[in-house]
Protein chains: 2
Amino acid sequence: MKHEKTDLVIIGSGPAGLAASIYAGRYRIRHVVIGKIMGGLITESHKVCNYPGFRSITGIELGFKMKEHAEEFGGLIVSATVDRIERDGDDFKVITSNGDEYLTKYVLVATGTKRRKLNAQGESEFLGKGVTYCATCDGMLYKDKIVAVLGGADSATTAAIYLADIAKKVYIIYRREQLRGEPIWVEQVLANKKIEIIYNTNVTGFEGKDLLQNLVLDNPYNGRLKIPVNGAFIEIGSDPDTSVIDGLGIQLNTYGYIKVKDSQMTNIRGIYAAGDITDASNGFQQVITAAAEGAVAAESIFKSLKQNLS
Amino acid sequence: MKHEKTDLVIIGSGPAGLAASIYAGRYRIRHVVIGKIMGGLITESHKVCNYPGFRSITGIELGFKMKEHAEEFGGLIVSATVDRIERDGDDFKVITSNGDEYLTKYVLVATGTKRRKLNAQGESEFLGKGVTYCATCDGMLYKDKIVAVLGGADSATTAAIYLADIAKKVYIIYRREQLRGEPIWVEQVLANKKIEIIYNTNVTGFEGKDLLQNLVLDNPYNGRLKIPVNGAFIEIGSDPDTSVIDGLGIQLNTYGYIKVKDSQMTNIRGIYAAGDITDASNGFQQVITAAAEGAVAAESIFKSLKQNLS
């Protein structure tokens with residue numbers, strides 16, 4: 001189905017996309033948000049404790065609040081998956097996987113990132129019950145507990161250093177022979193007595209009753225194939241979700257994130273990006289930074305729209 | 001009184017300072033927040049409707065929530081006014097107006113801006129009762145009402161264009177003979193039938209019963225010295241509040257805002273800045289952007305602290 005032409009299509013319904021919709025609504029920009037999961041990646045956090053103003057809220061609840069907030073100002077939110085964006089003269093066509101077409105002057109790409117999964121047994125079953133993908137989000141829940149960080153590059157080492165200030169003991173379990181990433185973090189990990197590193201080992205399963213209790217290893221450690229932990233932080237990176245912009249010639253940085261200007265515009269006039277998918281906010285991927293980028297993008301699009309009218 | 005040396009002093013208790021404290025607390029950075037008004041400038045907004053997640057909240061309440069949030073993670077918040085910052089070897093001394101001294105490794109300047117006041121009669125009395133300093137914050141409250149924008153540069157013209165989409169009628173009252181600022185905005189104001197411009201005129205007073213009813217002019221308009229309005233938007237600019245950094249050699253941009261790098265660090269090692277006082281976030285001064293800058297600053301300081309330890 002072909003929809004009536006609009007001013008802005010926002011792709012993604014996480015904090016960046018919904019914040020952009022709130023601001024776009026307030027600026028009276030006609031727009032549609034297309035997304036599948038309200039709240040995006042934060043719905044994987046069973047508690048968000050670092051979004052200023054909410055001391056503790058589930059990711060799902062925060063996503064819902066932002067959705068309600070966007071709808072209050074007229075944001076039309078469509079539950080669908082975008083397949084691709086095509087040029088149409090000076091405009092763009094946003095095409096969903098079920099064939100719907102949205103003709104629009106501006107596009108805001110806010111598709112975020114996907115945390116890399118380990119794909120081990122029990123991983124999804126214990127998500128939010130000991131298995132997590134975000135130390136900054138969930139670390140505080142493991143005060144004086146035993147945790148493991150799975151991974152060995154920067155996100156894993158910094159997570160381990162952070163967790164060592166909170167937890168009783170921190171394992172790092174890594175498939176390689178030595179840690180990677182910035183030497184500064186590696187040095188600190190090695191010097192930290194709370195951190196114990198298990199090299200050349202993969203986690204193949206998560207076990208427990210209601211909550212996570214054991215990690216299953218593919219290589220015995222101190223003679224055992226299981227180690228008891230309360231929490232497992234899977235820190236093997238994340239990938240920007242840029243499939244929708246394939247073929248448009250949008251510049252990415254070396255890590256695959258979309259390069260944006262201060263206005264959040266990409267190198268393609270009319271296409272903006274906000275949130276975890278961009279190289280903005282000093283690379284610090286948080287709900288608060290994603291939402292701020294969404295707000296800045298909406299203001300920039302508002303200014304551009306008004307300028308093009310005259 | 002000289003206090004024990006700390007890692008970070010945050011100057012300012014608005015959204016930027018409090019968000020930085022929330023993150024610093026989670027990173028276990030020893031720190032003190034010194035500020036006078038919890039919530040900073042937002043306490044002047046009697047309703048904040050654009051901070052994603054809160055559909056409508058008073059500025060005072062949002063400030064209080066952020067303060068509670070910061071305190072939950074160990075943020076020590078001191079009610080005082082900072083007089084100046086002095087160098088002390090590689091460290092800094094933050095000195096309050098009552099003579100307290102805080103020795104610290106890092107300083108985060110989050111002192112924000114002060115909206116320029118008109119200094120007209122009744123201006124403070126009707127604040128939040130018709131008088132406001134922020135169209136984006138409060139515009140939606142004046143649907144189908146009569147409003148006036150006081151001022152004639154970019155912030156005034158863009159406010160008028162925005163308000164014309166909401167209000168029934170918008171006056172611009174300006175002391176000069178013609179509007180200033182970007183021609184694009186001026187053209188649109190002139191073309192907009194909802195906007196009526198009163199030149200060569202100052203507002204000298206605000207009158208009403210409980211809510212604002214009339215503006216008093218220094219020059220008769222259509223034979224009258226008063227015009228009835230429901231809302232008055234004072235848009236004569238704001239000034240960054242940089243007095244505390246005088247003499248440190250911190251680089252400002254041409255408008256007097258602190259220049260920051262992506263990490264929110266200034267040109268002086270150890271001194272960071274966040275929120276409305278900086279040139280970041282594409283110059284878009286909002287609660288959400290200030291808070292995001294505070295979060296990024298705290299993360300940068302955390303990384304820097306850990307690097308300097310080794």
# chains A, B, ... in the order shown; residues from 1 in each chain; ligands from 1
call {"tool": "interface_residues", "arguments": {"of": "chain A", "to": "chain B", "cutoff": "8 Å", "atoms": "only C-alpha atoms", "output": "PyMOL selection string"}}
result
chain A and resi 18-19+22-23+26-28+50+52-55+62+65-66+68-69+72+136+140+162+165+184-185+187-188+262-263+281-282+284+288-289+291-293+295-296+299+307+310
call {"tool": "write_last_selection", "arguments": {"atoms": "N, CA and C atoms", "output": "tab-separated table (two decimals), in the first residue's frame"}}
result
chain	number	residue	atom	x	y	z
A	18	LEU	N	11.83	7.56	19.38
A	18	LEU	CA	10.66	8.08	20.10
A	18	LEU	C	10.91	9.52	20.58
A	19	ALA	N	12.13	9.82	21.02
A	19	ALA	CA	12.43	11.20	21.42
A	19	ALA	C	12.31	12.13	20.21
A	22	ILE	N	8.69	12.80	19.70
A	22	ILE	CA	8.16	13.77	20.67
A	22	ILE	C	8.46	15.19	20.21
A	23	TYR	N	9.72	15.43	19.85
A	23	TYR	CA	10.09	16.78	19.40
A	23	TYR	C	9.44	17.12	18.06
A	26	ARG	N	5.95	18.15	18.62
A	26	ARG	CA	5.86	19.49	19.19
A	26	ARG	C	6.15	20.56	18.14
A	27	TYR	N	7.00	20.22	17.17
A	27	TYR	CA	7.27	21.15	16.07
A	27	TYR	C	6.20	21.06	14.98
A	28	ARG	N	5.23	20.19	15.19
A	28	ARG	CA	4.16	19.98	14.20
A	28	ARG	C	4.68	19.47	12.86
A	50	ASN	N	19.79	4.29	35.02
A	50	ASN	CA	20.66	5.44	34.73
A	50	ASN	C	20.03	6.45	33.78
A	52	PRO	N	18.25	9.66	33.78
A	52	PRO	CA	18.01	10.63	34.84
A	52	PRO	C	16.52	10.95	35.04
A	53	GLY	N	16.09	10.85	36.27
A	53	GLY	CA	14.70	11.14	36.60
A	53	GLY	C	13.94	9.90	37.01
A	54	PHE	N	14.36	8.75	36.48
A	54	PHE	CA	13.75	7.48	36.88
A	54	PHE	C	14.80	6.69	37.65
A	55	ARG	N	14.60	6.54	38.95
A	55	ARG	CA	15.63	5.84	39.71
A	55	ARG	C	15.74	4.38	39.33
A	62	LEU	N	9.82	1.93	30.41
A	62	LEU	CA	10.35	3.19	29.90
A	62	LEU	C	10.02	3.34	28.41
A	65	LYS	N	6.42	4.34	28.16
A	65	LYS	CA	6.21	5.75	28.52
A	65	LYS	C	6.62	6.68	27.39
A	66	MET	N	7.74	6.37	26.75
A	66	MET	CA	8.19	7.21	25.63
A	66	MET	C	7.23	7.10	24.45
A	68	GLU	N	3.94	6.48	24.62
A	68	GLU	CA	2.76	7.28	25.01
A	68	GLU	C	3.03	8.76	24.84
A	69	HIS	N	4.25	9.16	25.25
A	69	HIS	CA	4.65	10.57	25.17
A	69	HIS	C	4.65	11.03	23.71
A	72	GLU	N	1.13	11.34	22.36
A	72	GLU	CA	0.43	12.52	22.87
A	72	GLU	C	0.60	13.73	21.94
A	136	THR	N	26.92	-1.45	32.57
A	136	THR	CA	26.52	-0.15	33.12
A	136	THR	C	25.06	-0.18	33.56
A	140	MET	N	24.95	-2.80	39.13
A	140	MET	CA	24.60	-2.53	40.53
A	140	MET	C	23.74	-3.62	41.17
A	162	TYR	N	34.71	-2.19	36.00
A	162	TYR	CA	33.55	-1.57	36.64
A	162	TYR	C	32.90	-2.53	37.64
A	165	ASP	N	34.41	-3.21	41.18
A	165	ASP	CA	34.11	-2.25	42.26
A	165	ASP	C	32.82	-2.61	43.00
A	184	ILE	N	45.74	-0.18	28.48
A	184	ILE	CA	45.45	0.40	29.78
A	184	ILE	C	44.41	-0.42	30.55
A	185	TRP	N	43.40	-0.86	29.82
A	185	TRP	CA	42.36	-1.67	30.48
A	185	TRP	C	42.89	-3.05	30.81
A	187	GLU	N	45.98	-3.94	31.43
A	187	GLU	CA	46.87	-3.82	32.60
A	187	GLU	C	46.08	-3.78	33.90
A	188	GLN	N	45.02	-3.00	33.88
A	188	GLN	CA	44.23	-2.86	35.11
A	188	GLN	C	43.50	-4.14	35.49
A	262	ASP	N	27.06	17.70	13.40
A	262	ASP	CA	26.48	18.19	14.64
A	262	ASP	C	24.95	18.23	14.60
A	263	SER	N	24.41	18.44	13.42
A	263	SER	CA	22.95	18.50	13.25
A	263	SER	C	22.31	17.12	13.22
A	281	SER	N	27.84	11.49	20.33
A	281	SER	CA	27.85	11.31	21.79
A	281	SER	C	29.12	10.62	22.27
A	282	ASN	N	30.24	10.88	21.58
A	282	ASN	CA	31.53	10.31	21.97
A	282	ASN	C	31.48	8.78	22.02
A	284	PHE	N	29.26	6.96	23.33
A	284	PHE	CA	28.70	6.47	24.60
A	284	PHE	C	27.23	6.15	24.35
A	288	ILE	N	19.97	8.00	27.53
A	288	ILE	CA	19.95	9.46	27.59
A	288	ILE	C	20.63	10.09	26.37
A	289	THR	N	21.74	9.49	25.90
A	289	THR	CA	22.42	10.08	24.74
A	289	THR	C	21.62	9.83	23.46
A	291	ALA	N	18.36	9.53	23.22
A	291	ALA	CA	17.20	10.42	23.22
A	291	ALA	C	17.62	11.85	22.86
A	292	ALA	N	18.76	12.29	23.38
A	292	ALA	CA	19.24	13.63	23.07
A	292	ALA	C	19.53	13.77	21.58
A	293	GLU	N	20.15	12.77	21.00
A	293	GLU	CA	20.42	12.83	19.55
A	293	GLU	C	19.12	12.89	18.76
A	295	ALA	N	16.35	14.27	19.74
A	295	ALA	CA	15.83	15.64	19.89
A	295	ALA	C	16.56	16.61	18.97
A	296	VAL	N	17.89	16.50	18.94
A	296	VAL	CA	18.69	17.39	18.09
A	296	VAL	C	18.32	17.16	16.62
A	299	GLU	N	15.03	18.86	15.79
A	299	GLU	CA	15.17	20.32	15.67
A	299	GLU	C	15.84	20.69	14.35
A	307	GLN	N	13.19	26.23	6.24
A	307	GLN	CA	14.04	26.93	5.28
A	307	GLN	C	13.66	26.58	3.85
A	310	SER	N	10.54	28.37	2.10
A	310	SER	CA	10.55	29.76	1.60
A	310	SER	C	11.30	29.87	0.29
call {"tool": "residues_around", "arguments": {"residues": "Val94 of chain A", "least_positions_apart": "4", "cutoff": "8 Å", "atoms": "only C-alpha atoms", "output": "PyMOL selection string"}}
result
chain A and resi 9+82-86+101-104
call {"tool": "select_by_dssp", "arguments": {"residues": "segment 133-271 of chain A", "states": "strand (DSSP E)", "output": "VMD selection string"}}
result
chain A and resid 146 to 150 169 to 173 195 to 198 203 to 208 212 to 221 224 to 228 231 to 234 238 to 240 271
call {"tool": "write_last_selection", "arguments": {"atoms": "C-alpha atoms", "output": "PDB file, in the first residue's frame"}}
result
ATOM      1  CA  ILE A 146      29.989 -13.535  41.824  1.00  0.00           C
ATOM      2  CA  VAL A 147      29.805 -12.539  38.184  1.00  0.00           C
ATOM      3  CA  ALA A 148      31.447 -13.462  34.916  1.00  0.00           C
ATOM      4  CA  VAL A 149      32.184 -11.299  31.922  1.00  0.00           C
ATOM      5  CA  LEU A 150      32.195 -13.203  28.660  1.00  0.00           C
ATOM      6  CA  LYS A 169      34.441 -11.681  42.395  1.00  0.00           C
ATOM      7  CA  VAL A 170      34.628 -11.225  38.642  1.00  0.00           C
ATOM      8  CA  TYR A 171      35.621 -13.894  36.141  1.00  0.00           C
ATOM      9  CA  ILE A 172      36.566 -13.025  32.616  1.00  0.00           C
ATOM     10  CA  ILE A 173      36.008 -15.952  30.307  1.00  0.00           C
ATOM     11  CA  ILE A 195      39.335 -10.433  38.645  1.00  0.00           C
ATOM     12  CA  GLU A 196      40.240 -13.957  37.584  1.00  0.00           C
ATOM     13  CA  ILE A 197      40.736 -14.714  33.902  1.00  0.00           C
ATOM     14  CA  ILE A 198      39.899 -17.997  32.244  1.00  0.00           C
ATOM     15  CA  VAL A 203      30.793 -20.713  27.630  1.00  0.00           C
ATOM     16  CA  THR A 204      28.484 -23.248  26.029  1.00  0.00           C
ATOM     17  CA  GLY A 205      25.543 -23.086  28.389  1.00  0.00           C
ATOM     18  CA  PHE A 206      23.734 -21.321  31.227  1.00  0.00           C
ATOM     19  CA  GLU A 207      22.103 -23.339  33.991  1.00  0.00           C
ATOM     20  CA  GLY A 208      20.021 -22.625  37.064  1.00  0.00           C
ATOM     21  CA  LEU A 212      21.312 -18.314  36.766  1.00  0.00           C
ATOM     22  CA  GLN A 213      23.519 -20.565  38.894  1.00  0.00           C
ATOM     23  CA  ASN A 214      26.204 -22.104  36.684  1.00  0.00           C
ATOM     24  CA  LEU A 215      28.130 -21.510  33.505  1.00  0.00           C
ATOM     25  CA  VAL A 216      28.995 -24.544  31.413  1.00  0.00           C
ATOM     26  CA  LEU A 217      32.489 -24.406  29.881  1.00  0.00           C
ATOM     27  CA  ASP A 218      33.940 -26.197  26.859  1.00  0.00           C
ATOM     28  CA  ASN A 219      37.257 -26.627  28.624  1.00  0.00           C
ATOM     29  CA  PRO A 220      37.739 -27.721  32.238  1.00  0.00           C
ATOM     30  CA  TYR A 221      38.883 -24.995  34.637  1.00  0.00           C
ATOM     31  CA  ARG A 224      35.615 -28.582  36.561  1.00  0.00           C
ATOM     32  CA  LEU A 225      33.403 -27.965  33.543  1.00  0.00           C
ATOM     33  CA  LYS A 226      30.991 -25.740  35.484  1.00  0.00           C
ATOM     34  CA  ILE A 227      31.528 -22.590  37.526  1.00  0.00           C
ATOM     35  CA  PRO A 228      28.933 -21.103  39.843  1.00  0.00           C
ATOM     36  CA  GLY A 231      25.480 -13.024  36.856  1.00  0.00           C
ATOM     37  CA  ALA A 232      26.942 -13.346  33.362  1.00  0.00           C
ATOM     38  CA  PHE A 233      27.709 -10.228  31.317  1.00  0.00           C
ATOM     39  CA  ILE A 234      27.950 -11.049  27.648  1.00  0.00           C
ATOM     40  CA  SER A 238      27.344  -5.081  19.135  1.00  0.00           C
ATOM     41  CA  ASP A 239      26.699  -4.418  15.516  1.00  0.00           C
ATOM     42  CA  PRO A 240      25.078  -1.314  14.071  1.00  0.00           C
ATOM     43  CA  ILE A 271      18.785  11.612   5.721  1.00  0.00           C
TER      44      ILE A 271
END
call {"tool": "residues_around", "arguments": {"residues": "Glu235 of chain A", "least_positions_apart": "6", "cutoff": "9 Å", "atoms": "only C-alpha atoms", "output": "number ranges by chain"}}
result
A: 115-117, 132-135, 149-157, 159
call {"tool": "select_by_dssp", "arguments": {"residues": "segment 42-266 of chain B", "states": "alpha helix (DSSP H)", "output": "ChimeraX atom specification"}}
result
/B:59-72,135-138,154-164,183-191
call {"tool": "write_last_selection", "arguments": {"atoms": "N, CA, C and O atoms", "output": "compact mmCIF listing (two decimals), in the first residue's frame"}}
result
# COMPACT_ATOMS: atom_id res chain seq x y z
N GLY B 59 8.99 21.77 36.43
CA GLY B 59 10.45 21.84 36.44
C GLY B 59 11.01 21.53 37.81
O GLY B 59 12.03 20.84 37.95
N ILE B 60 10.32 21.99 38.82
CA ILE B 60 10.77 21.77 40.20
C ILE B 60 10.73 20.27 40.54
O ILE B 60 11.68 19.74 41.13
N GLU B 61 9.67 19.60 40.11
CA GLU B 61 9.54 18.18 40.40
C GLU B 61 10.60 17.36 39.66
O GLU B 61 11.20 16.44 40.23
N LEU B 62 10.85 17.71 38.40
CA LEU B 62 11.87 16.99 37.64
C LEU B 62 13.24 17.21 38.26
O LEU B 62 14.04 16.27 38.39
N GLY B 63 13.52 18.44 38.69
CA GLY B 63 14.78 18.72 39.37
C GLY B 63 14.93 17.90 40.63
O GLY B 63 15.99 17.33 40.90
N PHE B 64 13.84 17.78 41.38
CA PHE B 64 13.87 17.02 42.62
C PHE B 64 14.11 15.53 42.35
O PHE B 64 14.88 14.87 43.04
N LYS B 65 13.45 15.02 41.30
CA LYS B 65 13.64 13.60 40.95
C LYS B 65 15.09 13.32 40.56
O LYS B 65 15.66 12.28 40.93
N MET B 66 15.68 14.23 39.82
CA MET B 66 17.07 14.02 39.42
C MET B 66 18.01 14.12 40.62
O MET B 66 19.01 13.41 40.70
N LYS B 67 17.69 15.00 41.55
CA LYS B 67 18.50 15.12 42.76
C LYS B 67 18.43 13.82 43.58
O LYS B 67 19.46 13.27 43.99
N GLU B 68 17.23 13.32 43.78
CA GLU B 68 17.05 12.05 44.51
C GLU B 68 17.81 10.92 43.82
O GLU B 68 18.42 10.08 44.47
N HIS B 69 17.75 10.94 42.49
CA HIS B 69 18.40 9.91 41.69
C HIS B 69 19.92 9.97 41.91
O HIS B 69 20.57 8.94 42.11
N ALA B 70 20.46 11.18 41.89
CA ALA B 70 21.91 11.36 42.10
C ALA B 70 22.29 10.92 43.52
O ALA B 70 23.31 10.25 43.73
N GLU B 71 21.48 11.28 44.47
CA GLU B 71 21.79 10.93 45.87
C GLU B 71 21.75 9.42 46.09
O GLU B 71 22.50 8.88 46.89
N GLU B 72 20.87 8.75 45.36
CA GLU B 72 20.77 7.30 45.50
C GLU B 72 22.10 6.61 45.18
O GLU B 72 22.45 5.60 45.78
N ALA B 135 9.77 29.12 24.49
CA ALA B 135 8.64 28.76 23.63
C ALA B 135 8.52 27.24 23.47
O ALA B 135 7.43 26.69 23.53
N THR B 136 9.65 26.57 23.28
CA THR B 136 9.61 25.12 23.09
C THR B 136 9.04 24.43 24.33
O THR B 136 8.34 23.43 24.24
N CYS B 137 9.36 24.99 25.51
CA CYS B 137 8.88 24.37 26.75
C CYS B 137 7.38 24.59 26.94
O CYS B 137 6.65 23.70 27.34
N ASP B 138 6.94 25.82 26.74
CA ASP B 138 5.60 26.20 27.19
C ASP B 138 4.60 26.51 26.08
O ASP B 138 3.43 26.76 26.35
N ASP B 154 16.96 35.93 16.40
CA ASP B 154 16.62 34.55 16.04
C ASP B 154 15.73 33.83 17.04
O ASP B 154 14.78 33.15 16.66
N SER B 155 16.05 33.97 18.31
CA SER B 155 15.25 33.21 19.28
C SER B 155 13.80 33.72 19.29
O SER B 155 12.87 32.95 19.48
N ALA B 156 13.63 35.00 19.04
CA ALA B 156 12.28 35.57 19.00
C ALA B 156 11.54 35.17 17.73
O ALA B 156 10.38 34.76 17.77
N THR B 157 12.20 35.27 16.58
CA THR B 157 11.51 34.96 15.33
C THR B 157 11.17 33.47 15.26
O THR B 157 10.05 33.11 14.88
N THR B 158 12.09 32.61 15.65
CA THR B 158 11.78 31.17 15.60
C THR B 158 10.68 30.83 16.60
O THR B 158 9.82 30.00 16.32
N ALA B 159 10.69 31.48 17.74
CA ALA B 159 9.63 31.25 18.72
C ALA B 159 8.28 31.67 18.13
O ALA B 159 7.28 30.96 18.27
N ALA B 160 8.26 32.80 17.45
CA ALA B 160 7.00 33.29 16.87
C ALA B 160 6.48 32.34 15.80
O ALA B 160 5.28 32.06 15.74
N ILE B 161 7.38 31.83 14.96
CA ILE B 161 6.96 30.89 13.91
C ILE B 161 6.39 29.63 14.54
O ILE B 161 5.36 29.11 14.12
N TYR B 162 7.07 29.16 15.55
CA TYR B 162 6.60 27.96 16.25
C TYR B 162 5.25 28.21 16.90
O TYR B 162 4.30 27.43 16.76
N LEU B 163 5.11 29.34 17.57
CA LEU B 163 3.87 29.66 18.29
C LEU B 163 2.70 29.89 17.34
O LEU B 163 1.55 29.62 17.68
N ALA B 164 3.01 30.39 16.14
CA ALA B 164 1.93 30.67 15.18
C ALA B 164 1.22 29.38 14.76
O ALA B 164 0.06 29.43 14.33
N PRO B 183 17.69 35.92 7.78
CA PRO B 183 16.65 36.43 6.87
C PRO B 183 15.53 35.43 6.66
O PRO B 183 14.37 35.80 6.52
N ILE B 184 15.92 34.16 6.65
CA ILE B 184 14.92 33.12 6.41
C ILE B 184 13.79 33.17 7.44
O ILE B 184 12.61 33.04 7.12
N TRP B 185 14.16 33.40 8.68
CA TRP B 185 13.14 33.47 9.73
C TRP B 185 12.36 34.76 9.62
O TRP B 185 11.14 34.78 9.80
N VAL B 186 13.08 35.83 9.31
CA VAL B 186 12.41 37.13 9.19
C VAL B 186 11.37 37.09 8.07
O VAL B 186 10.22 37.49 8.26
N GLU B 187 11.77 36.51 6.93
CA GLU B 187 10.83 36.39 5.80
C GLU B 187 9.57 35.62 6.19
O GLU B 187 8.46 36.01 5.84
N GLN B 188 9.78 34.55 6.89
CA GLN B 188 8.62 33.73 7.26
C GLN B 188 7.71 34.41 8.26
O GLN B 188 6.50 34.27 8.21
N VAL B 189 8.33 35.16 9.16
CA VAL B 189 7.53 35.92 10.11
C VAL B 189 6.68 36.94 9.35
O VAL B 189 5.47 37.06 9.57
N LEU B 190 7.32 37.63 8.42
CA LEU B 190 6.61 38.67 7.67
C LEU B 190 5.48 38.08 6.81
O LEU B 190 4.46 38.73 6.58
N ALA B 191 5.67 36.85 6.36
CA ALA B 191 4.67 36.22 5.50
C ALA B 191 3.53 35.56 6.28
O ALA B 191 2.52 35.18 5.72
call {"tool": "residues_around", "arguments": {"residues": "Ala167 of chain B", "least_positions_apart": "6", "cutoff": "6 Å", "atoms": "only C-alpha atoms", "output": "list in words"}}
result
Tyr142, Lys143, Asp144 and Lys145 of chain B
